[in-house]
Amino acid sequence: MRILPQMARVGKLSPCFFILIFMLKSLVGRPQSPTMVRYEFNRTAQKDVAAEVAGYADVAKQIIDLAVFGAAKNRSYGRLADFTDTIGNRVSGSLNLEMAIKYMYKAMMQDGLDVHLEPVKIPHWVRGKESAVMTLPRVKNLALLGLGSSVGTPPEGIEAEVLVVESFEELKRRASEAVGRIVVFNQPFVSYGTTVAYREYGASEASKFGAVATLIRSITPFSINSPHTGWQDYQDGVKRIPTACITMEDAELMSRIAQRGQRITVRLTMAAKTLPDADSYNTVAEIKGWQHPEQVVLLSGHLDSWDVGQGAMDDGGGAMISWEVLSLIKQLGLRPRRTMRTVLWTGEEQGGVGAQQYYNLHKVNLSNFDLVMESDMGTFSPVALQFTGSAEAQKVMEEVVKLLAPLNTTKLETHGEGTDISPWMQAGVPGASLHVADSRYFWFHHTEADTMTVQNPGDMNLCSALWAVVAYVVADLEDMLPR
């Protein structure tokens with residue numbers, strides 16, 4: 001530009017001239033399109049957020065030191081052991097679940113937290129006595145667990161010939177053979193998300209072709225003759241037939257026998273029944289924010305479990321670390337800008353029933369929910385934080401996880417997950433979950449083996465520390481996460 005030399009020949013210059021010169025100099029060589037202006041603004045804002053988050057390094061270290069090395073070391077593990085040893089498993093609608101809610105309400109009140117209960121209705125399915133015996137080509141007891149919401153058999157049971165298939169496609173090809181038979185699904189384990197369809201929909205799919213019951217290979221990559229239970233869904237307009245999971249070993253046994261052309265018969269007896277929905281509660285504890293108490297960072301795990309094992313891994317651990325976060329923050333004398341709220345869900349195993357009712361009640365305040373967090377994949381050694389949110393929120397969280405360097409867990413992955421927080425994420429609220437070293441999770445999932453023996457106190461310390469740092473920093477930042 002040649003403007004400056006020409007202007008230099010002007011005789012008397014006003015102060016406004018020098019302001020104009022400064023502005024023009026700033027434009028030299030820099031195209032100022034709207035895109036460039038936004039880029040410069042965003043880059044500056046990003047630097048400001050990075051600096052703000054970095055300012056929490058000392059606080060993050062205090063939280064980590066207290067949880068991992070200090071007075072709170074092994075506390076979440078101890079609380080979980082006391083809880084599960086006292087209450088046991090906690091299936092939806094049971095007396096045990098009612099006792100568990102009362103236990104946690106009292107314990108968190110004694111911890112000095114602001115606690116209340118929010119009433120909900122949840123399914124009440126009762127397993128009753130159940131058994132399965134292969135009667136041909138030889139007699140063998142089959143280990144099984146009936147599936148949630150299954151109907152029972154007649155009191156005398158059902159004895160029928162077996163049809164073994166490995167997929168829904170094979171079932172359709174052999175539809176004429178399914179009439180009057182017990183269909184055994186011996187599907188290979190691909191992943192939980194893929195293979196669970198056989199547990200959820202196998203009964204109705206087989207019933208469409210005239211089957212009288214289904215026995216489904218447990219949804220697990222590993223077995224020591226241990227059946228896995230879980231929820232299943234009947235399709236409207238399809239006859240409801242009894243359904244249960246059997247072990248990987250027994251499913252493969254019957255598959256081999258069938259491949260030899262031998263006839264197989266099984267006698268199945270199940271006294272399962274569904275009762276009217278039961279009264280229950282989501283258990284809520286919180287530390288109110290000092291500046292924006294109406295804005296919320298929500299942490300959670302579910303308090304209910306299946307009616308086998310202790311429900312220590314699924315999801316006692318997630319519930320305990322979500323409580324532990326509030327204990328750590330309170331113990332350090334910290335008070336965040338926004339409210340930190342822990343919700344222990346009820347009725348998760350039946351499809352997030354309690355959480356959906358919580359969402360229906362609180363969605364009117366959707367804009368005030370800053371971040372929703374759920375731990376429901378075990379509390380093994382943490383690997384990363386999973387996050388769902390806008391690109392701008394992702395950048396903020398990338399800075400937050402840098403504070404986890406003392407835990408060697410600074411990775412941020414996409415796709416936060418959790419049955420209970422999914423309604424919020426679908427509505428646009430940022431969501432986060434724990435990615436842990438969960439390769440063994442589905443070994444114990446929904447079985448008698450889900451006990452305290454699965455848990456490790458050191459791993460729970462690390463999970464508690466990570467959960468607390470993330471929740472506190474996000475709750476205390478000057479601005480909410482961008483949507």
# chains A, B, ... in the order shown; residues from 1 in each chain; ligands from 1

$ residues_around --residues "Ala432 (chain A)" --least-positions-apart "6" --cutoff "8 Å" --atoms "only C-alpha atoms" --output "ChimeraX atom specification"
/A:371-374,385-388,415-417

$ write_last_selection --atoms "N, CA and C atoms" --output "mmCIF file, in the first residue's frame"
data_model
loop_
_atom_site.group_PDB
_atom_site.id
_atom_site.type_symbol
_atom_site.label_atom_id
_atom_site.label_comp_id
_atom_site.auth_asym_id
_atom_site.auth_seq_id
_atom_site.Cartn_x
_atom_site.Cartn_y
_atom_site.Cartn_z
ATOM 1 N N LEU A 371 -22.641 -30.140 32.238
ATOM 2 C CA LEU A 371 -22.003 -31.398 31.838
ATOM 3 C C LEU A 371 -22.672 -32.526 32.605
ATOM 4 N N VAL A 372 -22.976 -33.631 31.907
ATOM 5 C CA VAL A 372 -23.521 -34.820 32.571
ATOM 6 C C VAL A 372 -22.495 -35.938 32.439
ATOM 7 N N MET A 373 -22.228 -36.650 33.553
ATOM 8 C CA MET A 373 -21.181 -37.658 33.595
ATOM 9 C C MET A 373 -21.755 -38.963 34.152
ATOM 10 N N GLU A 374 -21.326 -40.089 33.587
ATOM 11 C CA GLU A 374 -21.778 -41.381 34.092
ATOM 12 C C GLU A 374 -20.637 -42.392 34.054
ATOM 13 N N LEU A 385 -10.739 -40.193 29.258
ATOM 14 C CA LEU A 385 -12.070 -39.627 29.453
ATOM 15 C C LEU A 385 -12.753 -39.610 28.102
ATOM 16 N N GLN A 386 -13.974 -40.123 28.036
ATOM 17 C CA GLN A 386 -14.767 -40.076 26.816
ATOM 18 C C GLN A 386 -15.692 -38.867 26.877
ATOM 19 N N PHE A 387 -15.854 -38.186 25.753
ATOM 20 C CA PHE A 387 -16.608 -36.929 25.779
ATOM 21 C C PHE A 387 -17.421 -36.742 24.513
ATOM 22 N N THR A 388 -18.648 -36.288 24.692
ATOM 23 C CA THR A 388 -19.521 -35.895 23.593
ATOM 24 C C THR A 388 -19.900 -34.430 23.778
ATOM 25 N N HIS A 415 -17.191 -39.612 22.046
ATOM 26 C CA HIS A 415 -18.341 -40.454 22.368
ATOM 27 C C HIS A 415 -18.438 -40.822 23.845
ATOM 28 N N GLY A 416 -18.864 -39.849 24.660
ATOM 29 C CA GLY A 416 -19.277 -40.169 26.015
ATOM 30 C C GLY A 416 -20.467 -41.103 25.947
ATOM 31 N N GLU A 417 -20.590 -42.013 26.920
ATOM 32 C CA GLU A 417 -21.657 -42.993 26.841
ATOM 33 C C GLU A 417 -22.268 -43.252 28.206
#

$ closest_atom_pairs --of "region 312-418 of chain A" --to "region 53-61 of chain A" --cutoff "8 Å" --atoms "only C-alpha atoms" --output "JSON lines"
{"residue": "A:Glu399", "atom": "CA", "partner": "A:Val53", "partner_atom": "CA", "distance": 6.4}
{"residue": "A:Val400", "atom": "CA", "partner": "A:Val53", "partner_atom": "CA", "distance": 6.2}
{"residue": "A:Leu403", "atom": "CA", "partner": "A:Ala57", "partner_atom": "CA", "distance": 5.9}
{"residue": "A:Leu404", "atom": "CA", "partner": "A:Ala60", "partner_atom": "CA", "distance": 7.6}
{"residue": "A:Pro406", "atom": "CA", "partner": "A:Lys61", "partner_atom": "CA", "distance": 7.5}

$ write_last_selection --atoms "all heavy atoms" --output "tab-separated table (two decimals), in the first residue's frame"
chain	number	residue	atom	x	y	z
A	399	GLU	N	-8.06	-29.30	27.28
A	399	GLU	CA	-7.23	-28.61	28.28
A	399	GLU	C	-7.45	-29.20	29.67
A	399	GLU	O	-6.50	-29.35	30.45
A	399	GLU	CB	-7.56	-27.11	28.28
A	399	GLU	CG	-7.32	-26.41	26.96
A	399	GLU	CD	-5.88	-26.52	26.50
A	399	GLU	OE1	-4.96	-26.47	27.35
A	399	GLU	OE2	-5.66	-26.67	25.28
A	400	VAL	N	-8.70	-29.55	29.98
A	400	VAL	CA	-9.00	-30.09	31.31
A	400	VAL	C	-8.25	-31.39	31.56
A	400	VAL	O	-7.69	-31.60	32.63
A	400	VAL	CB	-10.53	-30.29	31.47
A	400	VAL	CG1	-10.84	-31.04	32.77
A	400	VAL	CG2	-11.25	-28.94	31.46
A	403	LEU	N	-4.74	-31.69	33.04
A	403	LEU	CA	-4.54	-31.62	34.49
A	403	LEU	C	-4.40	-33.01	35.10
A	403	LEU	O	-4.03	-33.14	36.28
A	403	LEU	CB	-5.73	-30.90	35.13
A	403	LEU	CG	-5.98	-29.45	34.69
A	403	LEU	CD1	-7.29	-28.94	35.28
A	403	LEU	CD2	-4.82	-28.55	35.12
A	404	LEU	N	-4.70	-34.05	34.33
A	404	LEU	CA	-4.64	-35.42	34.82
A	404	LEU	C	-3.28	-36.07	34.58
A	404	LEU	O	-3.13	-37.28	34.76
A	404	LEU	CB	-5.74	-36.26	34.16
A	404	LEU	CG	-7.17	-35.74	34.33
A	404	LEU	CD1	-8.15	-36.55	33.48
A	404	LEU	CD2	-7.59	-35.77	35.79
A	406	PRO	N	-0.62	-36.21	36.40
A	406	PRO	CA	-0.12	-37.04	37.50
A	406	PRO	C	-0.72	-38.45	37.53
A	406	PRO	O	-0.16	-39.34	38.16
A	406	PRO	CB	-0.53	-36.25	38.75
A	406	PRO	CG	-0.65	-34.84	38.29
A	406	PRO	CD	-1.19	-34.94	36.90

$ residues_around --residues "Gly316 (chain A)" --least-positions-apart "6" --cutoff "12 Å" --atoms "only C-alpha atoms" --output "mmCIF file with N, CA and C atoms, in the first residue's frame"
data_model
loop_
_atom_site.group_PDB
_atom_site.id
_atom_site.type_symbol
_atom_site.label_atom_id
_atom_site.label_comp_id
_atom_site.auth_asym_id
_atom_site.auth_seq_id
_atom_site.Cartn_x
_atom_site.Cartn_y
_atom_site.Cartn_z
ATOM 1 N N SER A 76 -13.181 -45.055 48.721
ATOM 2 C CA SER A 76 -14.290 -45.462 47.862
ATOM 3 C C SER A 76 -14.408 -46.986 47.836
ATOM 4 N N TYR A 77 -13.288 -47.676 47.858
ATOM 5 C CA TYR A 77 -13.310 -49.144 47.902
ATOM 6 C C TYR A 77 -13.930 -49.637 49.211
ATOM 7 N N GLY A 78 -13.521 -49.019 50.319
ATOM 8 C CA GLY A 78 -14.062 -49.406 51.623
ATOM 9 C C GLY A 78 -15.558 -49.166 51.703
ATOM 10 N N ARG A 79 -16.005 -48.040 51.172
ATOM 11 C CA ARG A 79 -17.433 -47.741 51.167
ATOM 12 C C ARG A 79 -18.201 -48.762 50.331
ATOM 13 N N LEU A 80 -17.626 -49.139 49.190
ATOM 14 C CA LEU A 80 -18.284 -50.117 48.323
ATOM 15 C C LEU A 80 -18.376 -51.481 49.003
ATOM 16 N N ALA A 81 -17.305 -51.872 49.663
ATOM 17 C CA ALA A 81 -17.306 -53.163 50.364
ATOM 18 C C ALA A 81 -18.352 -53.172 51.471
ATOM 19 N N ASP A 82 -18.402 -52.108 52.263
ATOM 20 C CA ASP A 82 -19.398 -52.029 53.340
ATOM 21 C C ASP A 82 -20.814 -52.104 52.773
ATOM 22 N N PHE A 83 -21.025 -51.373 51.696
ATOM 23 C CA PHE A 83 -22.348 -51.300 51.081
ATOM 24 C C PHE A 83 -22.791 -52.645 50.507
ATOM 25 N N THR A 84 -21.944 -53.251 49.668
ATOM 26 C CA THR A 84 -22.350 -54.489 49.001
ATOM 27 C C THR A 84 -22.376 -55.678 49.964
ATOM 28 N N ASP A 85 -21.482 -55.684 50.948
ATOM 29 C CA ASP A 85 -21.514 -56.771 51.928
ATOM 30 C C ASP A 85 -22.757 -56.683 52.806
ATOM 31 N N ILE A 87 -25.787 -55.004 51.915
ATOM 32 C CA ILE A 87 -27.049 -55.037 51.167
ATOM 33 C C ILE A 87 -27.118 -56.219 50.210
ATOM 34 N N GLY A 88 -26.022 -56.514 49.526
ATOM 35 C CA GLY A 88 -26.044 -57.549 48.491
ATOM 36 C C GLY A 88 -26.556 -56.992 47.181
ATOM 37 N N ASN A 89 -27.101 -57.867 46.320
ATOM 38 C CA ASN A 89 -27.589 -57.396 45.025
ATOM 39 C C ASN A 89 -28.909 -56.637 45.190
ATOM 40 N N ARG A 90 -29.286 -55.863 44.128
ATOM 41 C CA ARG A 90 -30.332 -54.857 44.298
ATOM 42 C C ARG A 90 -31.178 -54.737 43.021
ATOM 43 N N ALA A 100 -31.036 -50.413 49.940
ATOM 44 C CA ALA A 100 -29.836 -49.760 49.413
ATOM 45 C C ALA A 100 -30.018 -48.253 49.323
ATOM 46 N N MET A 104 -27.775 -45.482 51.355
ATOM 47 C CA MET A 104 -26.992 -44.417 50.731
ATOM 48 C C MET A 104 -27.473 -43.040 51.155
ATOM 49 N N SER A 300 -22.715 -39.380 38.008
ATOM 50 C CA SER A 300 -23.682 -40.430 38.310
ATOM 51 C C SER A 300 -23.139 -41.836 38.115
ATOM 52 N N GLY A 301 -23.849 -42.758 38.760
ATOM 53 C CA GLY A 301 -23.717 -44.195 38.586
ATOM 54 C C GLY A 301 -25.074 -44.756 38.990
ATOM 55 N N HIS A 302 -25.339 -46.033 38.718
ATOM 56 C CA HIS A 302 -26.659 -46.546 39.104
ATOM 57 C C HIS A 302 -26.567 -47.464 40.310
ATOM 58 N N LEU A 303 -27.572 -47.358 41.161
ATOM 59 C CA LEU A 303 -27.589 -48.062 42.448
ATOM 60 C C LEU A 303 -28.192 -49.454 42.317
ATOM 61 N N ASP A 304 -29.075 -49.644 41.365
ATOM 62 C CA ASP A 304 -29.670 -50.971 41.181
ATOM 63 C C ASP A 304 -28.666 -51.906 40.502
ATOM 64 N N SER A 305 -28.939 -53.208 40.603
ATOM 65 C CA SER A 305 -28.103 -54.206 39.935
ATOM 66 C C SER A 305 -29.009 -55.349 39.515
ATOM 67 N N TRP A 306 -28.424 -56.447 39.043
ATOM 68 C CA TRP A 306 -29.221 -57.643 38.833
ATOM 69 C C TRP A 306 -29.284 -58.440 40.127
ATOM 70 N N GLY A 309 -24.825 -62.152 42.243
ATOM 71 C CA GLY A 309 -23.606 -61.500 42.693
ATOM 72 C C GLY A 309 -23.899 -60.422 43.720
ATOM 73 N N GLN A 310 -23.011 -59.409 43.758
ATOM 74 C CA GLN A 310 -23.175 -58.287 44.683
ATOM 75 C C GLN A 310 -23.432 -56.968 43.975
ATOM 76 N N SER A 322 -18.750 -41.595 42.298
ATOM 77 C CA SER A 322 -19.532 -40.367 42.098
ATOM 78 C C SER A 322 -19.879 -39.720 43.437
ATOM 79 N N TRP A 323 -20.063 -40.525 44.467
ATOM 80 C CA TRP A 323 -20.194 -39.982 45.832
ATOM 81 C C TRP A 323 -18.845 -39.458 46.323
ATOM 82 N N LEU A 344 -27.572 -41.041 42.022
ATOM 83 C CA LEU A 344 -27.476 -42.504 41.998
ATOM 84 C C LEU A 344 -28.795 -43.020 41.446
ATOM 85 N N TRP A 345 -28.756 -43.470 40.196
ATOM 86 C CA TRP A 345 -29.973 -43.827 39.478
ATOM 87 C C TRP A 345 -30.574 -45.131 39.992
ATOM 88 N N THR A 346 -31.869 -45.247 39.835
ATOM 89 C CA THR A 346 -32.573 -46.496 40.086
ATOM 90 C C THR A 346 -33.157 -46.996 38.768
ATOM 91 N N SER A 375 -20.470 -43.127 35.142
ATOM 92 C CA SER A 375 -19.509 -44.237 35.209
ATOM 93 C C SER A 375 -20.304 -45.531 35.323
ATOM 94 N N ASP A 376 -20.291 -46.350 34.247
ATOM 95 C CA ASP A 376 -21.049 -47.603 34.259
ATOM 96 C C ASP A 376 -20.357 -48.683 33.427
ATOM 97 N N MET A 377 -19.034 -48.611 33.343
ATOM 98 C CA MET A 377 -18.295 -49.672 32.658
ATOM 99 C C MET A 377 -17.200 -50.226 33.561
ATOM 100 N N GLY A 378 -17.449 -50.142 34.857
ATOM 101 C CA GLY A 378 -16.467 -50.631 35.806
ATOM 102 C C GLY A 378 -15.545 -49.521 36.271
ATOM 103 N N THR A 379 -14.875 -49.780 37.389
ATOM 104 C CA THR A 379 -13.903 -48.817 37.923
ATOM 105 C C THR A 379 -12.537 -49.472 37.984
ATOM 106 N N ASP A 450 -19.995 -61.092 39.889
ATOM 107 C CA ASP A 450 -19.858 -59.635 40.089
ATOM 108 C C ASP A 450 -19.857 -59.357 41.591
ATOM 109 N N THR A 451 -18.676 -59.491 42.194
ATOM 110 C CA THR A 451 -18.505 -59.338 43.639
ATOM 111 C C THR A 451 -17.335 -58.402 43.917
ATOM 112 N N MET A 452 -17.063 -58.163 45.184
ATOM 113 C CA MET A 452 -15.947 -57.293 45.574
ATOM 114 C C MET A 452 -14.601 -57.852 45.133
ATOM 115 N N VAL A 454 -13.741 -58.637 42.296
ATOM 116 C CA VAL A 454 -13.412 -58.019 41.008
ATOM 117 C C VAL A 454 -12.734 -56.663 41.196
ATOM 118 N N GLN A 455 -13.030 -56.015 42.309
ATOM 119 C CA GLN A 455 -12.608 -54.628 42.512
ATOM 120 C C GLN A 455 -11.176 -54.534 43.043
ATOM 121 N N MET A 460 -9.754 -47.871 42.005
ATOM 122 C CA MET A 460 -10.852 -46.998 42.408
ATOM 123 C C MET A 460 -10.344 -45.635 42.868
#

$ closest_residue --among "A:Gln187, A:Ser149, A:Ser327, A:Thr453" --to "Met109 (chain A)" --atoms "only C-alpha atoms"
A:Ser327

$ closest_atom_pairs --of "region 87-180 of chain A" --to "region 245-253 of chain A" --cutoff "8 Å" --atoms "only C-alpha atoms" --output "tab-separated table"
residue	atom	partner	partner_atom	distance
A:Leu142	CA	A:Asp250	CA	6.8
A:Ala143	CA	A:Ile246	CA	5.9
A:Leu144	CA	A:Ile246	CA	4.5
A:Leu145	CA	A:Cys245	CA	5.4
A:Gly146	CA	A:Cys245	CA	6.2
A:Leu147	CA	A:Cys245	CA	6.8

$ write_last_selection --atoms "all heavy atoms" --output "PDB file, in the first residue's frame"
ATOM      1  N   LEU A 142     -28.316 -78.001  33.038  1.00  0.00           N
ATOM      2  CA  LEU A 142     -27.821 -76.812  32.344  1.00  0.00           C
ATOM      3  C   LEU A 142     -27.883 -75.618  33.290  1.00  0.00           C
ATOM      4  O   LEU A 142     -28.945 -75.320  33.839  1.00  0.00           O
ATOM      5  CB  LEU A 142     -28.669 -76.530  31.102  1.00  0.00           C
ATOM      6  CG  LEU A 142     -28.822 -77.676  30.092  1.00  0.00           C
ATOM      7  CD1 LEU A 142     -29.787 -77.257  28.974  1.00  0.00           C
ATOM      8  CD2 LEU A 142     -27.474 -78.071  29.513  1.00  0.00           C
ATOM      9  N   ALA A 143     -26.751 -74.949  33.479  1.00  0.00           N
ATOM     10  CA  ALA A 143     -26.750 -73.719  34.279  1.00  0.00           C
ATOM     11  C   ALA A 143     -27.449 -72.622  33.474  1.00  0.00           C
ATOM     12  O   ALA A 143     -27.146 -72.427  32.291  1.00  0.00           O
ATOM     13  CB  ALA A 143     -25.319 -73.310  34.610  1.00  0.00           C
ATOM     14  N   LEU A 144     -28.378 -71.926  34.087  1.00  0.00           N
ATOM     15  CA  LEU A 144     -29.092 -70.869  33.354  1.00  0.00           C
ATOM     16  C   LEU A 144     -29.497 -69.741  34.293  1.00  0.00           C
ATOM     17  O   LEU A 144     -29.549 -69.914  35.512  1.00  0.00           O
ATOM     18  CB  LEU A 144     -30.328 -71.419  32.647  1.00  0.00           C
ATOM     19  CG  LEU A 144     -31.675 -71.459  33.407  1.00  0.00           C
ATOM     20  CD1 LEU A 144     -32.817 -71.566  32.419  1.00  0.00           C
ATOM     21  CD2 LEU A 144     -31.707 -72.588  34.409  1.00  0.00           C
ATOM     22  N   LEU A 145     -29.787 -68.593  33.691  1.00  0.00           N
ATOM     23  CA  LEU A 145     -30.382 -67.456  34.378  1.00  0.00           C
ATOM     24  C   LEU A 145     -31.482 -66.903  33.479  1.00  0.00           C
ATOM     25  O   LEU A 145     -31.217 -66.527  32.324  1.00  0.00           O
ATOM     26  CB  LEU A 145     -29.352 -66.360  34.671  1.00  0.00           C
ATOM     27  CG  LEU A 145     -28.375 -66.624  35.823  1.00  0.00           C
ATOM     28  CD1 LEU A 145     -27.284 -65.554  35.866  1.00  0.00           C
ATOM     29  CD2 LEU A 145     -29.111 -66.683  37.162  1.00  0.00           C
ATOM     30  N   GLY A 146     -32.710 -66.881  33.999  1.00  0.00           N
ATOM     31  CA  GLY A 146     -33.804 -66.290  33.256  1.00  0.00           C
ATOM     32  C   GLY A 146     -33.537 -64.825  32.974  1.00  0.00           C
ATOM     33  O   GLY A 146     -32.825 -64.144  33.727  1.00  0.00           O
ATOM     34  N   LEU A 147     -34.089 -64.311  31.888  1.00  0.00           N
ATOM     35  CA  LEU A 147     -33.882 -62.924  31.485  1.00  0.00           C
ATOM     36  C   LEU A 147     -34.988 -62.018  32.001  1.00  0.00           C
ATOM     37  O   LEU A 147     -36.163 -62.404  32.037  1.00  0.00           O
ATOM     38  CB  LEU A 147     -33.781 -62.829  29.969  1.00  0.00           C
ATOM     39  CG  LEU A 147     -32.561 -63.548  29.364  1.00  0.00           C
ATOM     40  CD1 LEU A 147     -32.584 -63.472  27.846  1.00  0.00           C
ATOM     41  CD2 LEU A 147     -31.256 -62.965  29.914  1.00  0.00           C
TER      42      LEU A 147
END
